[in-house]
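Visitor: File follows, work09.txt with compact mmCIF, C-alpha atoms:
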```
# COMPACT_ATOMS: atom_id res chain seq x y z
CA MET A 1 -13.07 46.88 67.92
CA LYS A 2 -10.05 46.77 70.22
CA ASN A 3 -10.86 43.20 71.25
CA PHE A 4 -11.35 42.23 67.61
CA LEU A 5 -7.92 43.61 66.68
CA LEU A 6 -6.33 41.86 69.66
CA LEU A 7 -7.95 38.58 68.64
CA GLY A 8 -6.73 39.03 65.08
CA LEU A 9 -3.18 39.76 66.24
CA THR A 10 -3.17 36.73 68.55
CA THR A 11 -4.43 34.48 65.75
CA ALA A 12 -1.75 35.81 63.39
CA LEU A 13 1.00 35.22 65.94
CA LEU A 14 -0.20 31.68 66.58
CA GLY A 15 -0.23 31.11 62.83
CA VAL A 16 3.37 32.30 62.51
CA GLN A 17 4.43 30.05 65.40
CA GLU A 18 2.73 27.08 63.73
CA ILE A 19 4.46 27.82 60.42
CA LYS A 20 7.84 28.08 62.15
CA ALA A 21 7.21 24.80 63.96
CA GLN A 22 6.41 23.18 60.60
CA GLU A 23 9.72 24.46 59.21
CA HIS A 24 11.56 22.03 61.49
CA LEU A 25 8.96 19.27 61.74
CA PHE A 26 11.26 16.63 60.24
CA ASP A 27 14.62 17.94 61.49
CA PRO A 28 17.06 15.47 63.08
CA PRO A 29 18.11 14.09 65.45
CA TRP A 30 15.65 11.32 64.61
CA ASN A 31 16.94 8.97 67.29
CA SER A 32 16.54 9.22 71.07
CA PRO A 33 19.28 11.58 72.36
CA PRO A 34 21.36 10.49 75.37
CA GLU A 35 19.92 11.45 78.73
CA SER A 36 21.34 14.56 80.38
CA ALA A 37 20.56 17.07 83.11
CA LEU A 38 19.73 19.58 80.35
CA ASN A 39 18.78 19.09 76.72
CA PHE A 40 19.36 22.29 74.74
CA THR A 41 18.79 21.21 71.16
CA VAL A 42 17.52 24.10 69.03
CA PRO A 43 16.30 23.01 65.57
CA GLY A 44 18.02 24.87 62.78
CA ILE A 45 20.57 26.51 65.10
CA ASP A 46 22.21 24.28 67.73
CA ASN A 47 21.72 20.77 66.49
CA ILE A 48 24.55 18.32 65.78
CA PRO A 49 22.89 14.94 65.14
CA ASP A 50 26.02 13.26 63.77
CA LEU A 51 28.04 13.64 66.98
CA TYR A 52 26.80 11.11 69.50
CA GLY A 53 27.52 10.21 73.10
CA ASP A 54 30.31 11.31 75.43
CA ILE A 55 32.89 13.54 73.77
CA GLU A 56 34.85 14.09 77.00
CA ASN A 57 37.39 11.38 77.82
CA PRO A 58 35.71 8.56 75.86
CA GLN A 59 36.65 4.94 76.52
CA LEU A 60 35.90 4.07 72.89
CA THR A 61 35.69 6.28 69.79
CA ILE A 62 33.98 5.07 66.63
CA PHE A 63 33.71 6.78 63.25
CA PHE A 64 30.70 5.18 61.52
CA ALA A 65 29.86 5.64 57.86
CA GLY A 66 27.12 8.26 58.14
CA ASN A 67 24.30 6.26 56.59
CA GLN A 68 24.44 3.92 59.60
CA PHE A 69 23.40 6.58 62.10
CA MET A 70 20.12 4.74 62.70
CA VAL A 71 21.81 1.70 64.29
CA VAL A 72 23.78 3.68 66.89
CA ASP A 73 21.14 3.71 69.64
CA ASP A 74 20.46 -0.02 69.58
CA LEU A 75 24.03 -1.01 68.83
CA LEU A 76 25.62 0.94 71.69
CA ALA A 77 22.92 -0.05 74.18
CA SER A 78 23.49 -3.73 73.40
CA PHE A 79 27.28 -3.35 73.41
CA LYS A 80 27.23 -1.64 76.82
CA LYS A 81 25.00 -4.40 78.16
CA GLU A 82 27.52 -7.05 77.12
CA TYR A 83 30.57 -4.93 78.04
CA PRO A 84 29.43 -2.77 80.99
CA GLN A 85 32.99 -1.54 81.60
CA TYR A 86 32.56 0.86 78.66
CA GLU A 87 30.32 3.68 79.86
CA ARG A 88 31.69 6.59 77.82
CA ILE A 89 31.56 6.11 74.06
CA PHE A 90 31.86 8.82 71.41
CA VAL A 91 30.55 8.25 67.88
CA GLU A 92 30.63 10.32 64.69
CA THR A 93 28.31 9.50 61.79
CA LEU A 94 29.57 11.92 59.15
CA PRO A 95 30.04 10.99 55.46
CA PRO A 96 32.87 8.45 55.09
CA GLY A 97 34.92 10.75 52.88
CA ILE A 98 34.81 13.45 55.55
CA LEU A 99 35.74 10.95 58.26
CA ALA A 100 38.68 9.79 56.15
CA LYS A 101 39.94 13.38 55.87
CA GLN A 102 39.50 13.80 59.61
CA ILE A 103 41.55 10.66 60.30
CA LYS A 104 44.33 11.78 57.95
CA GLY A 105 44.34 15.39 59.18
CA GLY A 106 43.83 14.70 62.86
CA SER A 107 41.00 17.14 63.52
CA ILE A 108 37.68 18.56 62.35
CA THR A 109 35.75 21.74 63.15
CA ILE A 110 31.94 21.84 63.10
CA GLY A 111 30.57 25.29 63.84
CA ASN A 112 32.81 26.47 66.68
CA LEU A 113 33.58 22.96 67.98
CA ARG A 114 37.02 21.54 67.22
CA ILE A 115 37.43 17.78 67.66
CA THR A 116 40.84 16.12 67.80
CA HIS A 117 39.84 12.60 68.84
CA GLN A 118 41.49 9.77 66.95
CA PRO A 119 39.10 6.88 66.34
CA ASP A 120 39.59 3.34 67.55
CA ILE A 121 37.25 2.02 64.86
CA TYR A 122 36.40 3.35 61.39
CA THR A 123 33.63 1.81 59.28
CA ALA A 124 33.16 2.48 55.58
CA SER A 125 32.75 0.74 52.24
CA LYS A 126 35.23 -1.94 51.28
CA ARG A 127 36.68 0.34 48.61
CA ALA A 128 37.20 3.21 51.06
CA ILE A 129 38.85 0.93 53.62
CA ASN A 130 41.14 -0.58 50.97
CA GLU A 131 42.26 2.91 49.94
CA MET A 132 43.48 3.50 53.52
CA ALA A 133 44.74 -0.02 54.21
CA ASP A 134 48.01 1.20 55.76
CA TYR A 135 46.06 2.86 58.61
CA PHE A 136 44.52 -0.36 59.90
CA SER A 137 45.69 -3.38 61.88
CA HIS A 138 42.52 -5.42 61.43
CA THR A 139 39.45 -5.32 59.17
CA GLN A 140 36.24 -7.33 58.98
CA VAL A 141 33.13 -7.31 56.81
CA TYR A 142 29.91 -6.91 58.78
CA CYS A 143 26.99 -5.93 56.50
CA TYR A 144 25.76 -5.09 53.00
CA ASN A 145 23.39 -2.53 51.46
CA ASN A 146 21.97 -1.57 48.08
CA ILE A 147 20.45 1.51 46.47
CA CYS A 148 16.84 2.61 45.98
CA LEU A 149 14.98 5.87 45.37
CA MET A 150 13.31 7.72 48.23
CA VAL A 151 10.20 9.66 47.19
CA PRO A 152 7.41 11.45 49.10
CA LYS A 153 4.52 9.25 50.19
CA GLY A 154 2.16 8.77 47.27
CA ASN A 155 5.00 9.38 44.77
CA PRO A 156 3.38 12.56 43.38
CA ALA A 157 5.93 12.86 40.54
CA ASN A 158 5.12 9.28 39.39
CA ILE A 159 8.75 8.19 39.36
CA SER A 160 9.30 4.52 38.56
CA THR A 161 12.77 4.24 37.00
CA LEU A 162 16.19 5.86 37.11
CA ASN A 163 15.53 7.23 33.62
CA ASP A 164 12.67 9.30 35.04
CA LEU A 165 15.27 11.32 36.95
CA GLY A 166 16.47 12.75 33.65
CA LYS A 167 13.17 14.55 33.06
CA GLU A 168 13.32 18.35 33.15
CA ASN A 169 10.72 18.78 35.90
CA ILE A 170 12.13 16.20 38.34
CA ARG A 171 14.10 17.61 41.28
CA ILE A 172 16.80 15.30 42.60
CA SER A 173 18.71 15.24 45.87
CA MET A 174 21.98 13.64 44.80
CA PRO A 175 24.91 12.59 47.04
CA ASN A 176 28.09 14.43 46.05
CA PRO A 177 30.56 11.84 44.70
CA LEU A 178 33.47 13.93 45.99
CA TRP A 179 32.99 12.63 49.54
CA GLU A 180 29.90 10.43 49.61
CA GLY A 181 30.70 6.82 48.76
CA ILE A 182 27.19 6.24 47.47
CA GLY A 183 27.64 8.99 44.87
CA GLU A 184 29.91 7.03 42.53
CA GLN A 185 27.73 3.95 42.88
CA ILE A 186 24.66 5.93 41.89
CA LYS A 187 26.48 7.36 38.88
CA ALA A 188 27.31 3.78 37.86
CA SER A 189 23.61 2.93 38.15
CA TYR A 190 22.69 5.92 35.98
CA LYS A 191 25.11 4.66 33.34
CA LYS A 192 23.61 1.17 33.45
CA ALA A 193 20.11 2.60 33.07
CA GLY A 194 20.64 5.29 30.45
CA GLY A 195 24.28 5.40 29.41
CA GLU A 196 26.57 8.41 29.57
CA GLN A 197 23.71 10.55 28.28
CA LEU A 198 21.74 10.04 31.50
CA VAL A 199 24.84 10.60 33.64
CA LYS A 200 25.53 13.90 31.87
CA LYS A 201 21.89 14.96 32.07
CA ILE A 202 21.65 14.41 35.84
CA MET A 203 25.19 15.23 36.96
CA GLU A 204 25.94 18.18 34.67
CA ASP A 205 22.92 19.68 32.93
CA LYS A 206 20.53 19.39 35.88
CA VAL A 207 23.22 20.46 38.36
CA ASN A 208 23.73 23.60 36.28
CA ASP A 209 20.01 24.41 36.14
CA GLY A 210 19.51 23.62 39.83
CA SER A 211 17.18 20.62 39.49
CA THR A 212 19.92 18.28 40.75
CA TYR A 213 21.04 19.32 44.23
CA LEU A 214 24.40 17.90 45.35
CA THR A 215 24.33 17.17 49.07
CA LYS A 216 27.10 17.60 51.60
CA ILE A 217 25.64 14.99 53.96
CA HIS A 218 23.06 12.95 52.08
CA HIS A 219 21.82 10.78 54.95
CA ARG A 220 20.42 13.95 56.55
CA GLU A 221 19.82 16.30 53.62
CA SER A 222 18.16 13.88 51.20
CA PRO A 223 15.38 12.70 53.55
CA MET A 224 14.81 16.29 54.68
CA ARG A 225 14.59 17.60 51.11
CA VAL A 226 12.08 14.89 50.23
CA LEU A 227 10.07 15.46 53.42
CA TYR A 228 10.01 19.26 53.02
CA GLY A 229 8.95 19.11 49.37
CA GLN A 230 12.28 20.32 47.99
CA ALA A 231 13.04 17.12 46.05
CA ASP A 232 10.90 14.69 44.05
CA ALA A 233 13.38 11.84 44.45
CA ALA A 234 16.61 10.99 46.22
CA PRO A 235 18.88 8.02 45.50
CA VAL A 236 19.67 6.56 48.93
CA TRP A 237 20.63 3.33 50.62
CA SER A 238 17.66 1.00 51.08
CA SER A 239 18.16 1.10 54.86
CA GLU A 240 17.46 4.84 54.83
CA VAL A 241 13.95 4.33 53.46
CA VAL A 242 13.37 1.51 55.94
CA TYR A 243 14.35 3.81 58.80
CA GLN A 244 12.33 6.84 57.71
CA LYS A 245 9.23 4.66 57.37
CA LEU A 246 9.99 3.00 60.71
CA ILE A 247 9.84 6.36 62.50
CA GLY A 248 6.63 7.34 60.74
CA HIS A 249 7.93 9.82 58.17
CA PRO A 250 5.82 10.00 54.96
CA VAL A 251 8.18 8.53 52.37
CA GLU A 252 8.20 5.57 49.99
CA GLY A 253 10.92 3.56 48.29
CA ILE A 254 11.25 2.80 44.58
CA ILE A 255 13.19 -0.40 43.94
CA ILE A 256 16.07 -0.27 41.46
CA PRO A 257 16.42 -3.53 39.46
CA ASP A 258 19.42 -5.73 40.28
CA ALA A 259 20.85 -5.20 36.79
CA GLN A 260 21.12 -1.46 37.51
CA ASN A 261 21.90 -1.68 41.21
CA THR A 262 25.05 -1.97 43.29
CA THR A 263 25.63 -3.77 46.56
CA ALA A 264 27.96 -2.06 49.01
CA THR A 265 30.10 -4.13 51.35
CA TYR A 266 30.77 -2.48 54.71
CA VAL A 267 33.97 -3.07 56.61
CA ALA A 268 34.90 -2.25 60.20
CA ALA A 269 38.57 -1.42 60.70
CA LYS A 270 40.72 -1.05 63.80
CA LEU A 271 43.19 1.83 63.61
CA LYS A 272 46.86 1.02 64.19
CA THR A 273 46.88 4.15 66.35
CA ALA A 274 43.72 3.20 68.29
CA PRO A 275 43.89 4.99 71.66
CA HIS A 276 41.76 2.26 73.25
CA ALA A 277 43.00 -0.95 71.65
CA GLN A 278 41.21 -3.39 73.94
CA ALA A 279 37.92 -1.54 73.59
CA ALA A 280 38.34 -1.67 69.82
CA ASP A 281 38.90 -5.44 69.95
CA ASP A 282 35.84 -5.91 72.14
CA PHE A 283 33.67 -3.84 69.82
CA LEU A 284 34.82 -5.72 66.72
CA LYS A 285 34.03 -8.99 68.47
CA PHE A 286 30.58 -7.64 69.30
CA MET A 287 30.02 -6.54 65.68
CA ASP A 288 30.42 -10.18 64.65
CA SER A 289 27.76 -11.35 67.11
CA ALA A 290 24.20 -12.42 66.37
CA THR A 291 22.96 -9.47 68.45
CA ALA A 292 24.71 -6.91 66.24
CA LYS A 293 23.65 -8.67 63.04
CA ASP A 294 20.01 -8.66 64.15
CA ILE A 295 20.20 -4.91 64.79
CA TYR A 296 21.51 -4.29 61.28
CA LYS A 297 18.79 -6.49 59.78
CA LYS A 298 16.14 -4.54 61.72
CA TYR A 299 17.14 -1.38 59.83
CA GLY A 300 17.22 -2.90 56.35
CA PHE A 301 20.83 -4.02 55.98
CA THR A 302 21.75 -7.55 54.94
CA VAL A 303 24.38 -9.52 56.83
CA ASP A 304 24.80 -12.68 54.71
```
Here is the file; what I need is its structure written in the form of structure tokens.
Guide:
Amino acid sequence: MKNFLLLGLTTALLGVQEIKAQEHLFDPPWNSPPESALNFTVPGIDNIPDLYGDIENPQLTIFFAGNQFMVVDDLLASFKKEYPQYERIFVETLPPGILAKQIKGGSITIGNLRITHQPDIYTASKRAINEMADYFSHTQVYCYNNICLMVPKGNPANISTLNDLGKENIRISMPNPLWEGIGEQIKASYKKAGGEQLVKKIMEDKVNDGSTYLTKIHHRESPMRVLYGQADAAPVWSSEVVYQKLIGHPVEGIIIPDAQNTTATYVAAKLKTAPHAQAADDFLKFMDSATAKDIYKKYGFTVD
């Protein structure tokens, strides 16, 4: 009897451990973290996937529009190969609206970490860069992206159009237009598909009843909500579906017709106050190279 109870307790504990492991099965970081003497990433507790590289005394600091987090590994590895003098690079991949506030305010706090680095390079949509034109000494276009819907593999909710998102039973993970550049573009697509009625249904009625969830950082939250069964669909950049499929996550993409879609133009900008001006120039030159363009194409962006 005693052995039976012990076996039952052991089985129960193993079951709990398995459930807890499943809770974080799809948690970021999804890339390969930098090598270190000690890796102390704890899913759900100590995990900061949108701060990348060497935060201490960097030789180059880049604020990337968050949805481009997937290019960082390949991009920095190739850049360092061509410019080996730059060993310490710090990158943030937070939402562009948050990065803009950080640039204007001079600092950001995440958890208990306060960061006061000023970037050398800031990348964002053409509209966002134009709104801060006085901050930059040089800008250049480097890639393009459009919108699609991310759904769980098999598309269990049978979503095929933007109008399907207006249905009562469909749960949506929606980028917050207040600081996510993609948010306003998706709202424009809703209007093209179903007029102001669809916009109101998704952005007001369904927000109020909880079936539309407004994200704070969509390039992390939306894939996770889809993967963990908390959302039936998430409007995202096409590159985000390409990446999630590339790393083996069970998602699919639903194409949005050109007539309802929007193409974003991404611009890299050098800050007038860049602490590492030469490094910024070298990185911008690299961004215009065939090597960099091929990396962006690998992850679903277009460069022409």
Visitor: Using all atoms listed in the file, which of the listed residues (A:Gly53, A:Asp209, A:Ile255, A:Gly105) sits closest to A:Ala77?
Guide: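 Ranking A:Gly53, A:Asp209, A:Ile255, A:Gly105 by distance to A:Ala77, first place goes to A:Gly53.
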Visitor: List as an NGL selection string the protein and nucleic acid residues near stretch 174-191 of chain A, meaning an atom at most 7 Å away when all atoms listed in the file are counted, but skip any in the same chain fewer than 2 places from it.
Guide: :A and (95-98 or 162 or 172 or 193-196 or 198-199 or 212-216 or 218 or 234-235 or 260-262)
Visitor: Record the distance separating atom CA of A:Ile121 and atom CA of A:Thr61, expressed in Å with one decimal.
Guide: 6.7 Å
Visitor: Enclose stretch 183-193 of chain A, meaning all of its atoms listed in the file, in a box aligned along x, y and z, pad it by 3 Å on each side, and list the centre and edge lengths in Å to one decimal, as lines of an AutoDock Vina configuration file.
Guide:
```
center_x = 25.0
center_y = 5.1
center_z = 39.0
size_x = 15.8
size_y = 13.8
size_z = 17.8
```
Visitor: Atom CA of A:Ala277 and atom CA of A:Leu60, how far apart in Å?
Guide: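 Distance between the two atoms: 8.8 Å.
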Visitor: Excluding stretch 78-87 of chain A and its own-chain neighbours fewer than 5 positions away, which residues fall within 8 Å of it when counting all atoms listed in the file? Please give them as a PDB file with C-alpha atoms, in the frame of the given file.
Guide:
```pdb
ATOM      1  CA  GLN A  59      36.650   4.940  76.520  1.00  0.00           C
ATOM      2  CA  LEU A  60      35.900   4.070  72.890  1.00  0.00           C
ATOM      3  CA  ALA A 279      37.920  -1.540  73.590  1.00  0.00           C
ATOM      4  CA  ASP A 282      35.840  -5.910  72.140  1.00  0.00           C
ATOM      5  CA  PHE A 283      33.670  -3.840  69.820  1.00  0.00           C
ATOM      6  CA  PHE A 286      30.580  -7.640  69.300  1.00  0.00           C
ATOM      7  CA  THR A 291      22.960  -9.470  68.450  1.00  0.00           C
ATOM      8  CA  ALA A 292      24.710  -6.910  66.240  1.00  0.00           C
TER       9      ALA A 292
END
```
Visitor: Quick one: distance from atom CA of A:Val42 to atom CA of A:Pro28 in Å, one decimal?
Guide: 10.5 Å
Visitor: Given the choices A:Val91, A:Ala37, A:Val236, A:Ala133, which gets closest to A:Val71 if the distance is worked out from all atoms listed in the file?
Guide: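 Looking at the shortest contact to A:Val71, the residue is A:Val91.
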Visitor: For A:His276, which residue out of A:Pro34, A:Pro43, A:Pro58, A:Pro29 is the nearest one, using all atoms listed in the file?
Guide: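 Among the listed residues, A:Pro58 lies closest to A:His276.
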Visitor: Taking only C-alpha atoms into account, name the residue in A:Ser32, A:Asn112, A:Thr263, A:Gln278 that is nearest to A:Asp46.
Guide: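 Of all the options, A:Asn112 lies closest to A:Asp46.
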Visitor: Check the smallest atom-to-atom distance from each of A:Ser107, A:Tyr122, A:Pro250, A:Gly300 to A:Ala65 using only C-alpha atoms, then report the winner.
Guide: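 Of all the options, A:Tyr122 lies closest to A:Ala65.
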Visitor: Can you sort out stretch 205-236 of chain A so it carries N, CA and C atoms, written as a short mmCIF file (atom, residue, chain, number, x, y, z; two decimals), in the frame of the given file?
Guide:
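Writing the result to selection-v8.cif gives the following:
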```
data_model
loop_
_atom_site.label_atom_id
_atom_site.label_comp_id
_atom_site.auth_asym_id
_atom_site.auth_seq_id
_atom_site.Cartn_x
_atom_site.Cartn_y
_atom_site.Cartn_z
N ASP A 205 23.96 18.76 33.38
CA ASP A 205 22.92 19.68 32.93
C ASP A 205 21.98 20.09 34.06
N LYS A 206 21.50 19.09 34.81
CA LYS A 206 20.53 19.39 35.88
C LYS A 206 21.20 20.00 37.11
N VAL A 207 22.49 19.74 37.31
CA VAL A 207 23.22 20.46 38.36
C VAL A 207 23.30 21.94 37.99
N ASN A 208 23.60 22.21 36.73
CA ASN A 208 23.73 23.60 36.28
C ASN A 208 22.41 24.36 36.36
N ASP A 209 21.29 23.68 36.09
CA ASP A 209 20.01 24.41 36.14
C ASP A 209 19.35 24.34 37.52
N GLY A 210 19.99 23.63 38.45
CA GLY A 210 19.51 23.62 39.83
C GLY A 210 18.53 22.51 40.17
N SER A 211 18.15 21.68 39.19
CA SER A 211 17.18 20.62 39.49
C SER A 211 17.84 19.37 40.06
N THR A 212 19.17 19.27 39.97
CA THR A 212 19.92 18.28 40.75
C THR A 212 20.68 19.03 41.83
N TYR A 213 20.38 18.70 43.08
CA TYR A 213 21.04 19.32 44.23
C TYR A 213 22.07 18.34 44.77
N LEU A 214 23.34 18.75 44.82
CA LEU A 214 24.40 17.90 45.35
C LEU A 214 24.52 18.11 46.86
N THR A 215 24.32 17.06 47.61
CA THR A 215 24.33 17.17 49.07
C THR A 215 25.75 17.20 49.63
N LYS A 216 25.86 17.70 50.84
CA LYS A 216 27.10 17.60 51.60
C LYS A 216 27.03 16.43 52.58
N ILE A 217 25.82 16.07 52.99
CA ILE A 217 25.64 14.99 53.96
C ILE A 217 24.29 14.33 53.66
N HIS A 218 24.31 13.42 52.69
CA HIS A 218 23.06 12.95 52.08
C HIS A 218 22.14 12.24 53.05
N HIS A 219 22.69 11.55 54.06
CA HIS A 219 21.82 10.78 54.95
C HIS A 219 20.97 11.69 55.85
N ARG A 220 21.28 12.96 55.88
CA ARG A 220 20.42 13.95 56.55
C ARG A 220 19.68 14.81 55.52
N GLU A 221 20.42 15.35 54.56
CA GLU A 221 19.82 16.30 53.62
C GLU A 221 18.78 15.66 52.70
N SER A 222 19.08 14.48 52.17
CA SER A 222 18.16 13.88 51.20
C SER A 222 16.79 13.57 51.80
N PRO A 223 16.71 12.89 52.96
CA PRO A 223 15.38 12.70 53.55
C PRO A 223 14.68 14.02 53.85
N MET A 224 15.42 15.01 54.35
CA MET A 224 14.81 16.29 54.68
C MET A 224 14.29 16.99 53.42
N ARG A 225 15.03 16.94 52.34
CA ARG A 225 14.59 17.60 51.11
C ARG A 225 13.34 16.92 50.54
N VAL A 226 13.29 15.60 50.66
CA VAL A 226 12.08 14.89 50.23
C VAL A 226 10.91 15.24 51.14
N LEU A 227 11.13 15.21 52.44
CA LEU A 227 10.07 15.46 53.42
C LEU A 227 9.54 16.90 53.38
N TYR A 228 10.42 17.85 53.06
CA TYR A 228 10.01 19.26 53.02
C TYR A 228 9.58 19.72 51.62
N GLY A 229 9.44 18.77 50.69
CA GLY A 229 8.95 19.11 49.37
C GLY A 229 9.94 19.81 48.48
N GLN A 230 11.24 19.67 48.78
CA GLN A 230 12.28 20.32 47.99
C GLN A 230 12.87 19.39 46.94
N ALA A 231 12.55 18.10 47.01
CA ALA A 231 13.04 17.12 46.05
C ALA A 231 11.94 16.13 45.74
N ASP A 232 11.88 15.70 44.47
CA ASP A 232 10.90 14.69 44.05
C ASP A 232 11.44 13.28 44.25
N ALA A 233 12.77 13.16 44.28
CA ALA A 233 13.38 11.84 44.45
C ALA A 233 14.80 12.01 44.97
N ALA A 234 15.24 10.99 45.70
CA ALA A 234 16.61 10.99 46.22
C ALA A 234 17.15 9.56 46.18
N PRO A 235 18.23 9.33 45.44
CA PRO A 235 18.88 8.02 45.50
C PRO A 235 19.53 7.86 46.88
N VAL A 236 19.18 6.80 47.57
CA VAL A 236 19.67 6.56 48.93
C VAL A 236 19.92 5.07 49.12
#
```
